[in-house]
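Engineer: Next up, final.cif (mmCIF, C-alpha atoms).
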```cif
data_protein
loop_
_atom_site.label_atom_id
_atom_site.label_comp_id
_atom_site.auth_asym_id
_atom_site.auth_seq_id
_atom_site.Cartn_x
_atom_site.Cartn_y
_atom_site.Cartn_z
CA MET C 1 97.86 140.24 116.58
CA SER C 2 97.29 137.94 113.59
CA ASN C 3 100.12 139.69 111.71
CA THR C 4 102.46 139.04 114.64
CA ARG C 5 101.51 135.38 114.68
CA GLN C 6 102.04 135.07 110.95
CA ALA C 7 105.44 136.74 111.20
CA THR C 8 106.46 134.41 114.03
CA ALA C 9 105.30 131.37 112.08
CA SER C 10 107.26 132.42 109.03
CA SER C 11 110.43 133.39 110.93
CA PRO C 12 113.51 131.75 109.37
CA TRP C 13 114.91 131.18 112.87
CA ARG C 14 111.96 129.16 114.09
CA ALA C 15 113.04 125.75 112.75
CA PRO C 16 116.72 126.06 113.85
CA LEU C 17 115.64 127.13 117.34
CA ILE C 18 113.29 124.16 117.71
CA PHE C 19 115.98 121.79 116.47
CA LEU C 20 118.34 123.29 119.06
CA VAL C 21 115.75 122.60 121.78
CA ILE C 22 115.47 118.99 120.62
CA ALA C 23 119.27 118.66 120.57
CA ALA C 24 119.37 120.04 124.12
CA LEU C 25 116.88 117.38 125.23
CA PHE C 26 119.11 114.62 123.86
CA VAL C 27 122.18 116.18 125.53
CA LEU C 28 120.32 116.33 128.85
CA GLU C 29 119.30 112.69 128.42
CA GLY C 30 122.95 111.75 127.92
CA THR C 31 124.56 113.92 130.61
CA THR C 32 122.04 114.61 133.38
CA ARG C 33 120.99 111.92 135.82
CA ASN C 34 117.85 112.67 137.83
CA ALA C 35 114.17 111.71 137.95
CA LEU C 36 113.59 113.11 134.44
CA PHE C 37 116.71 112.05 132.52
CA SER C 38 118.74 108.85 132.58
CA GLY C 39 122.21 110.39 132.31
CA SER C 40 123.22 107.68 129.85
CA TRP C 41 124.52 108.26 126.33
CA ASN C 42 123.47 104.71 125.48
CA SER C 43 119.89 105.67 126.27
CA ALA C 44 120.10 109.01 124.45
CA LEU C 45 121.55 107.43 121.29
CA ALA C 46 118.99 104.62 121.36
CA ILE C 47 116.19 107.21 121.39
CA LEU C 48 117.97 109.21 118.67
CA ASN C 49 118.32 106.21 116.34
CA MET C 50 114.65 105.32 116.55
CA GLY C 51 113.82 109.02 116.26
CA LEU C 52 115.74 109.21 112.96
CA ILE C 53 113.81 106.20 111.65
CA SER C 54 110.56 107.79 112.82
CA ALA C 55 111.54 110.93 110.92
CA VAL C 56 111.88 108.84 107.74
CA MET C 57 108.39 107.41 108.36
CA ALA C 58 106.99 110.90 108.90
CA LEU C 59 108.70 112.11 105.73
CA GLY C 60 106.97 109.38 103.72
CA VAL C 61 103.55 110.23 105.16
CA ASN C 62 104.22 113.93 104.59
CA MET C 63 104.86 113.26 100.89
CA GLN C 64 101.42 111.70 100.60
CA TRP C 65 99.48 114.13 102.77
CA GLY C 66 101.51 117.34 102.60
CA TYR C 67 102.16 117.16 98.85
CA ALA C 68 98.93 115.63 97.58
CA GLY C 69 96.38 115.54 100.41
CA LEU C 70 96.18 111.71 100.44
CA PHE C 71 95.17 110.28 103.82
CA ASN C 72 97.03 106.97 104.29
CA ALA C 73 95.68 105.18 107.36
CA GLY C 74 97.60 101.98 106.60
CA VAL C 75 101.14 103.17 107.37
CA VAL C 76 101.75 100.09 109.54
CA GLY C 77 101.18 97.76 106.57
CA PHE C 78 103.71 99.44 104.29
CA LEU C 79 106.17 99.58 107.18
CA ALA C 80 105.74 95.82 107.73
CA LEU C 81 106.32 95.11 104.04
CA GLY C 82 109.53 97.10 104.15
CA ALA C 83 110.60 95.12 107.21
CA LEU C 84 110.22 91.94 105.16
CA GLY C 85 113.06 93.07 102.84
CA PRO C 86 115.99 92.29 105.20
CA VAL C 87 114.44 88.91 106.09
CA LEU C 88 114.21 87.74 102.47
CA VAL C 89 117.46 89.35 101.28
CA ALA C 90 119.98 89.53 104.12
CA THR C 91 119.33 86.47 106.31
CA ARG C 92 121.09 83.19 105.60
CA PRO C 93 119.39 80.59 103.37
CA VAL C 94 117.57 77.84 105.23
CA GLU C 95 119.01 74.50 104.19
CA GLY C 96 116.46 72.39 102.34
CA ALA C 97 113.72 75.07 102.33
CA TRP C 98 114.06 76.06 98.67
CA SER C 99 114.14 72.48 97.40
CA ALA C 100 111.16 71.62 99.63
CA GLY C 101 108.76 74.05 97.99
CA GLY C 102 110.42 77.22 96.73
CA PRO C 103 109.82 76.75 92.97
CA ARG C 104 106.17 75.76 93.53
CA VAL C 105 105.57 78.82 95.71
CA LEU C 106 107.02 81.08 93.02
CA LEU C 107 104.94 79.36 90.32
CA ALA C 108 101.79 79.71 92.46
CA LEU C 109 102.45 83.43 93.00
CA VAL C 110 103.01 83.96 89.27
CA ILE C 111 99.76 82.15 88.49
CA GLY C 112 97.89 84.24 91.06
CA LEU C 113 99.23 87.49 89.59
CA ALA C 114 98.50 86.31 86.04
CA THR C 115 94.94 85.43 87.06
CA LEU C 116 94.30 88.94 88.35
CA ILE C 117 95.78 90.55 85.23
CA LEU C 118 93.80 88.27 82.90
CA ALA C 119 90.56 88.93 84.82
CA ALA C 120 91.12 92.68 84.57
CA GLN C 121 91.76 92.43 80.81
CA VAL C 122 88.63 90.33 80.30
CA TRP C 123 86.55 92.85 82.26
CA GLN C 124 87.77 95.65 80.02
CA ARG C 125 87.61 93.94 76.63
CA ALA C 126 85.05 91.14 76.73
CA PRO C 127 81.49 91.74 75.45
CA GLN C 128 79.28 93.11 78.18
CA ARG C 129 76.92 90.13 78.29
CA LEU C 130 79.82 87.69 78.80
CA ARG C 131 82.04 89.91 80.94
CA ALA C 132 80.91 88.85 84.41
CA ILE C 133 80.71 85.11 83.63
CA ALA C 134 84.13 85.05 81.97
CA MET C 135 85.79 87.00 84.79
CA ILE C 136 84.28 84.77 87.50
CA ALA C 137 85.35 81.63 85.60
CA ILE C 138 88.94 82.91 85.30
CA LEU C 139 89.11 83.89 88.97
CA VAL C 140 87.74 80.55 90.19
CA LEU C 141 90.01 78.49 87.93
CA GLY C 142 93.05 80.60 88.83
CA PHE C 143 92.28 80.36 92.55
CA VAL C 144 91.95 76.55 92.42
CA LEU C 145 95.22 76.19 90.51
CA TYR C 146 96.96 78.65 92.86
CA ARG C 147 95.89 76.76 95.98
CA PHE C 148 96.76 73.42 94.37
CA LEU C 149 100.37 74.55 93.97
CA PHE C 150 100.71 76.86 96.95
CA ASP C 151 99.34 74.83 99.89
CA PRO C 152 101.53 71.70 99.57
CA ALA C 153 104.62 73.85 98.94
CA VAL C 154 104.00 75.93 102.06
CA MET C 155 103.40 72.85 104.19
CA ALA C 156 106.69 71.36 102.96
CA ILE C 157 108.65 74.55 103.74
CA GLU C 158 107.14 74.92 107.23
CA ALA C 159 107.86 71.23 107.99
CA ASN C 160 111.54 71.70 107.07
CA ASN C 161 113.49 72.15 110.32
CA SER C 162 110.37 73.60 111.95
CA ALA C 163 111.92 73.99 115.41
CA SER C 164 114.53 76.57 114.43
CA ALA C 165 113.44 77.66 110.96
CA GLY C 166 110.30 76.59 109.08
CA ASN C 167 110.64 79.50 106.64
CA ILE C 168 111.97 80.01 103.12
CA GLY C 169 115.08 81.85 104.30
CA GLY C 170 117.01 84.68 102.69
CA LEU C 171 119.70 85.17 100.08
CA GLY C 172 122.55 86.01 102.43
CA TRP C 173 123.31 89.34 100.70
CA PRO C 174 124.61 92.49 102.50
CA VAL C 175 121.90 93.99 104.65
CA LEU C 176 122.18 97.49 103.18
CA LEU C 177 121.09 96.04 99.82
CA SER C 178 117.89 94.86 101.49
CA TRP C 179 116.76 98.39 102.35
CA PRO C 180 115.86 99.40 98.76
CA VAL C 181 114.27 95.96 98.35
CA GLY C 182 112.02 96.66 101.35
CA ALA C 183 111.15 100.02 99.81
CA ALA C 184 110.33 98.24 96.52
CA PHE C 185 108.01 95.78 98.34
CA ALA C 186 106.07 98.67 99.87
CA ALA C 187 106.00 100.54 96.56
CA ALA C 188 104.63 97.50 94.71
CA ALA C 189 101.86 97.07 97.28
CA ALA C 190 101.10 100.80 97.13
CA TRP C 191 100.77 100.60 93.35
CA GLY C 192 98.22 97.79 93.66
CA VAL C 193 96.29 99.56 96.41
CA GLY C 194 96.45 102.89 94.59
CA LYS C 195 95.14 101.51 91.30
CA VAL C 196 91.98 100.45 93.14
CA ALA C 197 91.58 102.93 96.01
CA LEU C 198 92.78 106.27 94.64
CA GLY C 199 89.60 106.66 92.65
CA LEU C 200 87.67 106.69 95.91
CA ARG C 201 86.70 109.70 97.99
CA SER C 202 89.23 110.73 100.65
CA ASP C 203 87.32 109.13 103.54
CA TYR C 204 86.91 105.89 101.60
CA LEU C 205 90.63 105.96 100.78
CA ALA C 206 91.41 106.18 104.51
CA ILE C 207 89.16 103.19 105.26
CA ALA C 208 90.64 101.19 102.37
CA THR C 209 94.25 101.82 103.40
CA LEU C 210 93.43 101.07 107.04
CA GLY C 211 92.02 97.69 106.02
CA ILE C 212 94.91 96.92 103.66
CA GLY C 213 97.44 97.73 106.36
CA GLU C 214 95.79 95.33 108.81
CA ILE C 215 95.58 92.62 106.12
CA ILE C 216 99.32 92.90 105.41
CA VAL C 217 100.19 92.58 109.12
CA ALA C 218 97.79 89.61 109.47
CA VAL C 219 99.48 87.87 106.53
CA LEU C 220 102.91 88.33 108.13
CA ARG C 221 101.59 86.91 111.40
CA ASN C 222 100.04 83.81 109.83
CA GLU C 223 102.30 82.91 106.88
CA GLU C 224 105.08 81.18 108.81
CA TRP C 225 106.87 80.06 105.64
CA LEU C 226 107.60 83.70 104.81
CA ALA C 227 109.15 85.10 108.01
CA ARG C 228 108.20 82.59 110.75
CA GLY C 229 104.99 84.46 111.64
CA VAL C 230 104.42 84.90 115.36
CA LYS C 231 107.50 82.81 116.10
CA ASN C 232 109.45 85.94 115.12
CA MET C 233 112.51 86.17 112.92
CA SER C 234 115.72 86.89 114.79
CA GLY C 235 119.34 87.08 113.74
CA ILE C 236 118.83 89.69 111.03
CA PRO C 237 122.33 90.86 110.01
CA ARG C 238 123.48 94.36 110.78
CA PRO C 239 125.74 96.82 108.92
CA VAL C 240 127.77 97.61 112.05
CA PRO C 241 129.90 95.43 114.36
CA TYR C 242 128.40 93.54 117.27
CA GLU C 243 129.16 94.86 120.74
CA LEU C 244 130.61 91.51 121.84
CA ASP C 245 133.07 91.51 118.93
CA LEU C 246 134.24 94.99 119.90
CA GLN C 247 134.63 93.93 123.53
CA ASN C 248 136.89 91.06 122.41
CA ASP C 249 139.00 93.33 120.20
CA PRO C 250 142.21 94.39 122.05
CA GLY C 251 142.47 97.56 119.95
CA PHE C 252 138.98 98.68 120.92
CA VAL C 253 139.58 97.76 124.57
CA ALA C 254 142.61 100.06 124.55
CA LYS C 255 140.58 102.86 122.95
CA ALA C 256 137.83 102.48 125.56
CA ALA C 257 140.42 102.74 128.33
CA SER C 258 141.85 105.91 126.74
CA TRP C 259 138.33 107.38 126.67
CA GLY C 260 137.93 106.64 130.39
CA MET C 261 135.01 104.22 129.79
CA ASP C 262 134.47 100.58 130.58
CA VAL C 263 134.51 98.50 127.40
CA SER C 264 130.84 97.47 127.70
CA THR C 265 129.57 101.08 127.78
CA ALA C 266 132.00 102.19 125.08
CA SER C 267 131.00 99.38 122.69
CA GLY C 268 127.31 100.19 123.07
CA ILE C 269 127.90 103.90 122.41
CA TRP C 270 130.18 103.19 119.43
CA VAL C 271 127.68 100.86 117.75
CA LYS C 272 124.80 103.30 118.29
CA LEU C 273 126.89 106.16 116.89
CA MET C 274 127.59 104.12 113.76
CA TYR C 275 123.87 103.39 113.36
CA ALA C 276 123.09 107.08 113.90
CA GLY C 277 125.57 108.05 111.19
CA ILE C 278 124.04 105.65 108.64
CA PHE C 279 120.47 106.68 109.49
CA ALA C 280 121.35 110.39 109.39
CA VAL C 281 122.93 110.02 105.92
CA VAL C 282 119.81 108.24 104.62
CA LEU C 283 117.48 110.81 106.20
CA LEU C 284 119.43 113.82 104.92
CA GLY C 285 119.59 112.28 101.44
CA LEU C 286 115.83 111.78 101.43
CA VAL C 287 115.21 115.33 102.67
CA LEU C 288 117.49 116.72 99.96
CA LEU C 289 115.67 114.79 97.23
CA ALA C 290 112.28 115.73 98.70
CA GLU C 291 113.20 119.42 98.82
CA LEU C 292 114.44 119.38 95.23
CA ALA C 293 111.25 117.64 94.11
CA LEU C 294 109.00 119.98 96.07
CA LYS C 295 110.59 123.10 94.54
CA SER C 296 110.53 121.68 90.99
CA PRO C 297 107.67 122.12 88.50
CA TRP C 298 106.51 118.65 89.53
CA GLY C 299 106.23 119.74 93.17
CA ARG C 300 104.33 122.90 92.26
CA MET C 301 101.96 120.78 90.17
CA MET C 302 101.37 118.37 93.09
CA ARG C 303 100.50 121.23 95.43
CA ALA C 304 98.21 122.75 92.81
CA ILE C 305 96.38 119.43 92.56
CA ARG C 306 96.18 119.24 96.36
CA ASP C 307 94.74 122.73 96.69
CA ASN C 308 92.22 122.54 93.85
CA GLU C 309 91.74 119.28 91.96
CA THR C 310 89.01 120.74 89.76
CA ALA C 311 91.17 123.59 88.50
CA ALA C 312 94.16 121.28 87.97
CA SER C 313 92.01 118.84 86.03
CA ALA C 314 90.68 121.66 83.87
CA MET C 315 94.29 122.50 83.01
CA GLY C 316 94.81 118.98 81.67
CA LYS C 317 96.58 117.39 84.65
CA ASN C 318 96.15 113.65 85.22
CA ILE C 319 94.91 113.77 88.82
CA LYS C 320 94.69 110.04 89.46
CA GLY C 321 98.04 109.38 87.78
CA ARG C 322 99.84 111.99 89.89
CA HIS C 323 98.12 110.75 93.04
CA LEU C 324 99.25 107.21 92.27
CA GLN C 325 102.78 108.46 91.70
CA ILE C 326 103.12 110.25 95.03
CA PHE C 327 101.31 107.45 96.89
CA VAL C 328 103.87 104.93 95.60
CA ILE C 329 106.84 107.22 96.38
CA GLY C 330 105.63 107.96 99.92
CA SER C 331 104.95 104.29 100.62
CA ALA C 332 108.42 103.37 99.36
CA VAL C 333 109.94 105.79 101.89
CA ILE C 334 107.81 104.23 104.64
CA GLY C 335 108.97 100.78 103.53
CA LEU C 336 112.58 101.96 103.67
CA ALA C 337 111.98 103.01 107.29
CA GLY C 338 110.61 99.53 108.04
CA ALA C 339 113.77 97.90 106.65
CA MET C 340 115.94 100.26 108.70
CA MET C 341 113.94 99.51 111.85
CA VAL C 342 114.26 95.70 111.75
CA THR C 343 117.96 96.08 110.92
CA LEU C 344 118.37 98.18 114.06
CA ASP C 345 116.38 95.70 116.18
CA GLY C 346 117.83 92.56 114.55
CA LEU C 347 114.33 91.11 114.90
CA LEU C 348 111.12 90.97 112.90
CA SER C 349 108.13 90.54 115.20
CA PRO C 350 104.83 90.86 113.29
CA GLY C 351 102.92 91.02 116.56
CA SER C 352 104.62 94.32 117.42
CA PHE C 353 103.24 96.17 114.40
CA ASN C 354 100.59 98.12 116.26
CA PRO C 355 98.56 100.74 114.34
CA LEU C 356 98.62 103.04 117.36
CA ARG C 357 102.42 103.19 117.24
CA TYR C 358 103.07 102.81 113.54
CA THR C 359 100.18 104.73 112.00
CA PHE C 360 98.59 107.23 114.35
CA LEU C 361 101.77 108.26 116.18
CA VAL C 362 103.42 108.88 112.81
CA TRP C 363 100.47 111.10 111.87
CA VAL C 364 100.98 113.02 115.13
CA MET C 365 104.61 113.57 114.09
CA VAL C 366 103.55 114.97 110.72
CA ILE C 367 100.83 117.24 112.16
CA VAL C 368 102.99 118.54 115.01
CA GLY C 369 106.01 119.11 112.77
CA GLY C 370 104.02 120.79 110.02
CA SER C 371 102.45 118.98 107.08
CA GLY C 372 103.82 119.99 103.71
CA ASN C 373 107.22 120.88 105.21
CA ASN C 374 109.93 118.22 104.94
CA TRP C 375 112.04 119.65 107.76
CA GLY C 376 108.89 119.89 109.85
CA SER C 377 108.39 116.13 109.43
CA VAL C 378 111.95 115.49 110.59
CA LEU C 379 111.42 117.76 113.59
CA GLY C 380 108.11 116.09 114.43
CA GLY C 381 109.64 112.61 114.18
CA LEU C 382 112.50 113.42 116.54
CA LEU C 383 110.44 115.41 119.05
CA ILE C 384 107.40 113.15 119.29
CA TRP C 385 109.49 109.99 119.55
CA PHE C 386 111.53 111.55 122.38
CA LEU C 387 108.36 112.56 124.23
CA TRP C 388 106.76 109.15 123.54
CA ILE C 389 109.69 107.36 125.22
CA LYS C 390 110.19 109.78 128.09
CA ALA C 391 106.47 110.06 128.89
CA GLU C 392 106.66 106.51 130.23
CA VAL C 393 109.27 107.73 132.73
CA TRP C 394 107.87 111.17 133.40
CA GLY C 395 104.31 109.89 133.90
CA PRO C 396 104.94 108.08 137.21
CA GLU C 397 106.94 111.03 138.53
CA LEU C 398 104.13 113.44 137.68
CA MET C 399 101.48 111.10 139.09
CA ASN C 400 103.45 110.66 142.30
CA LEU C 401 103.55 114.45 142.69
CA VAL C 402 99.85 114.86 141.91
CA THR C 403 98.73 112.10 144.31
CA LEU C 404 100.82 113.25 147.29
CA PRO C 405 97.77 114.82 149.02
CA LEU C 406 95.85 111.53 148.74
CA PRO C 407 96.04 109.01 151.59
CA ASP C 408 97.74 105.69 150.90
CA GLY C 409 95.17 103.27 149.60
CA ALA C 410 93.69 101.54 146.59
CA LEU C 411 92.91 104.75 144.67
CA ARG C 412 96.40 106.21 144.96
CA GLN C 413 98.01 102.87 144.15
CA HIS C 414 95.78 102.44 141.10
CA LEU C 415 96.74 105.89 139.81
CA LEU C 416 100.44 105.17 140.35
CA ASP C 417 100.20 101.77 138.61
CA SER C 418 98.47 103.27 135.58
CA ALA C 419 100.89 106.21 135.30
CA PRO C 420 103.12 104.63 132.58
CA HIS C 421 100.10 104.70 130.25
CA MET C 422 100.01 108.50 130.51
CA ARG C 423 102.01 108.60 127.28
CA PHE C 424 98.70 108.31 125.41
CA ILE C 425 97.30 111.28 127.30
CA ALA C 426 100.57 113.15 126.78
CA MET C 427 100.51 112.66 123.00
CA GLY C 428 96.87 113.79 122.86
CA LEU C 429 97.71 116.86 124.93
CA VAL C 430 100.68 117.76 122.71
CA LEU C 431 98.53 117.39 119.62
CA LEU C 432 95.75 119.56 121.08
CA LEU C 433 98.19 122.29 122.12
CA VAL C 434 99.83 122.38 118.70
CA LEU C 435 96.48 122.44 116.90
CA ARG C 436 95.33 125.27 119.17
CA PHE C 437 98.39 127.52 119.07
CA ALA C 438 100.11 126.43 115.81
CA PRO C 439 97.43 124.87 113.58
CA ARG C 440 99.88 124.53 110.67
CA GLY C 441 102.50 122.81 112.83
CA LEU C 442 105.65 123.96 114.56
CA VAL C 443 107.38 124.49 111.20
CA PRO C 444 104.56 125.31 108.78
CA GLU C 445 104.68 124.94 105.02
CA LYS C 446 106.01 128.00 103.25
#
```
As structure tokens - that is how I would like this structure written.
Structural biologist:
Amino acid sequence: MSNTRQATASSPWRAPLIFLVIAALFVLEGTTRNALFSGSWNSALAILNMGLISAVMALGVNMQWGYAGLFNAGVVGFLALGALGPVLVATRPVEGAWSAGGPRVLLALVIGLATLILAAQVWQRAPQRLRAIAMIAILVLGFVLYRFLFDPAVMAIEANNSASAGNIGGLGWPVLLSWPVGAAFAAAAAWGVGKVALGLRSDYLAIATLGIGEIIVAVLRNEEWLARGVKNMSGIPRPVPYELDLQNDPGFVAKAASWGMDVSTASGIWVKLMYAGIFAVVLLGLVLLAELALKSPWGRMMRAIRDNETAASAMGKNIKGRHLQIFVIGSAVIGLAGAMMVTLDGLLSPGSFNPLRYTFLVWVMVIVGGSGNNWGSVLGGLLIWFLWIKAEVWGPELMNLVTLPLPDGALRQHLLDSAPHMRFIAMGLVLLLVLRFAPRGLVPEK
């Protein structure tokens, strides 16, 4: 029996068949109209686009966990940092914001970074009896100077056209250039976190990254000068045309008529298809690079470290250095997904960065797909995101069926009203079933 299971798990047809099932679900969503499916290609493509971005997130987490066994519980923070890239690079400059306090903010940030570097150098090189006093003195002096420059500059930026802006603004560059910048923001933060936290035990690393992720989101919510905080940042440019522009284009109107569609539906489908093409190219490029890396000597070394750190260390491998390397790379991929997501939405809303959605659901994608397998992460991202969206629709239908024997009243109404929240139960049930019948995931690591 165990041999049969192992053969099934290792079947080369398993992944293609599951991908075909997922493709069939999207086709049903686009073509079939009933209680379970919307029958709208706009809806199907919208789910697909966010599913592709979720697959990129899952791929980044899989690099950290599947390659090196690093438990990152702060995915939401690195995603939020990546989302900051399009705001600071692609949005238009805010008139008067830079002259109001931009140079002083930059100088304050440089002083803050220099203070941390100097304190670290003093801690390493100063005589032991003077080490603590010297480091505290440097930190206090640097903090006072930082706040002296930073606070007035921020107040001046936020007071500049506060009704419609109140932030530093962007550079006005093409939005696709902002995606690698968002990845670089997440990578830089991961380097700082990794230098401190990767020496900790795995459970302490999870706690540290969870806290760091929440701190990053809190900063984005409260620092209005950066991206307007809870006022939200809208109008983020996009790499594809706007639907309204297509609807006003006579050439596109003629094409829509030849397709037998009204121009509103056709423009929505066309824009979503263009997004899907861009996201698919990015995802496939990342998977290709990840596969090449995993099958290289570097990838074999990472898996050897994951499986037995003691043996790898005895062979002269720099465990902490390799862990830091893969932690930075995985976080950069997560940051790239954050930049892609706000570009799709056209909106940065720090209040929407919920750990349940952007940390734990991503982990469900990795576990269900198969940790250590790049294609498994892609599969998990697409499948779990589809189920996450449709569970909100399927939940009320299922609850209505289950409660039919109950008389009309407060109990039945309460169950029907709470049915949309069944997506949480549904995700837990999917995770339990996969862990029970396919503990290594739907597409396990080879």
Engineer: I'd like the residues picked by the PyMOL selection byres ((chain C and resi 303) around 12) written out as a count of residues only, using the chain letters and numbers from the file.
Structural biologist: 34
Engineer: What's around stretch 52-55 of chain C at 6 Å? Count all atoms listed in the file, leave out sequence neighbours fewer than 4 positions away in its own chain, and write the answer as a ChimeraX atom specification.
Structural biologist: /C:337,378,381
Engineer: Would you mind listing what lies within 9 Å of C:Phe143 as a ChimeraX atom specification, with all atoms listed in the file counted and same-chain residues fewer than 4 positions away left out?
Structural biologist: /C:111-112,115,138-139,147-148
Engineer: Using the chain letters and numbers from this file, what does the PyMOL selection byres ((chain C and resi 393) around 10) select? Give the answer as a ChimeraX atom specification.
Structural biologist: /C:35-38,387-392,394-398,419-423
Engineer: May I have the residues from that selection written out with C-alpha atoms, as a compact mmCIF listing (two decimals), in the frame of the given file?
Structural biologist:
```txt
# COMPACT_ATOMS: atom_id res chain seq x y z
CA ALA C 35 114.17 111.71 137.95
CA LEU C 36 113.59 113.11 134.44
CA PHE C 37 116.71 112.05 132.52
CA SER C 38 118.74 108.85 132.58
CA LEU C 387 108.36 112.56 124.23
CA TRP C 388 106.76 109.15 123.54
CA ILE C 389 109.69 107.36 125.22
CA LYS C 390 110.19 109.78 128.09
CA ALA C 391 106.47 110.06 128.89
CA GLU C 392 106.66 106.51 130.23
CA TRP C 394 107.87 111.17 133.40
CA GLY C 395 104.31 109.89 133.90
CA PRO C 396 104.94 108.08 137.21
CA GLU C 397 106.94 111.03 138.53
CA LEU C 398 104.13 113.44 137.68
CA ALA C 419 100.89 106.21 135.30
CA PRO C 420 103.12 104.63 132.58
CA HIS C 421 100.10 104.70 130.25
CA MET C 422 100.01 108.50 130.51
CA ARG C 423 102.01 108.60 127.28
```
Engineer: Counting only C-alpha atoms, which residue out of C:Asn49, C:Ser162, C:Asn62, C:Ser40 sits closest to C:Ala276?
Structural biologist: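 Residue with the minimum atom-to-atom distance to C:Ala276: C:Asn49.
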Engineer: Show which residues sit within 6 Å of C:Gly74, as a compact mmCIF listing (two decimals) with C-alpha atoms, in the coordinates of the input. Count only C-alpha atoms, and ignore same-chain residues fewer than 3 positions away.
Structural biologist:
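Writing the result to result-v1.txt gives the following:
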```txt
# COMPACT_ATOMS: atom_id res chain seq x y z
CA GLY C 77 101.18 97.76 106.57
CA THR C 209 94.25 101.82 103.40
CA LEU C 210 93.43 101.07 107.04
CA GLY C 213 97.44 97.73 106.36
```
Engineer: Once the PyMOL selection byres ((chain C and resi 345-360) around 7) has been evaluated on this model, what residues remain selected, and can you format them as number ranges by chain?
Structural biologist: C: 73-76, 217, 220-221, 229-230, 232-237, 341-344, 361-364
Engineer: Fewer than 3 positions away in the same chain doesn't count, so skip those; otherwise give me all residues within 7 Å of C:Val154, counting all atoms listed in the file, as a PyMOL selection string.
Structural biologist: chain C and resi 101+150-151+157-158+225
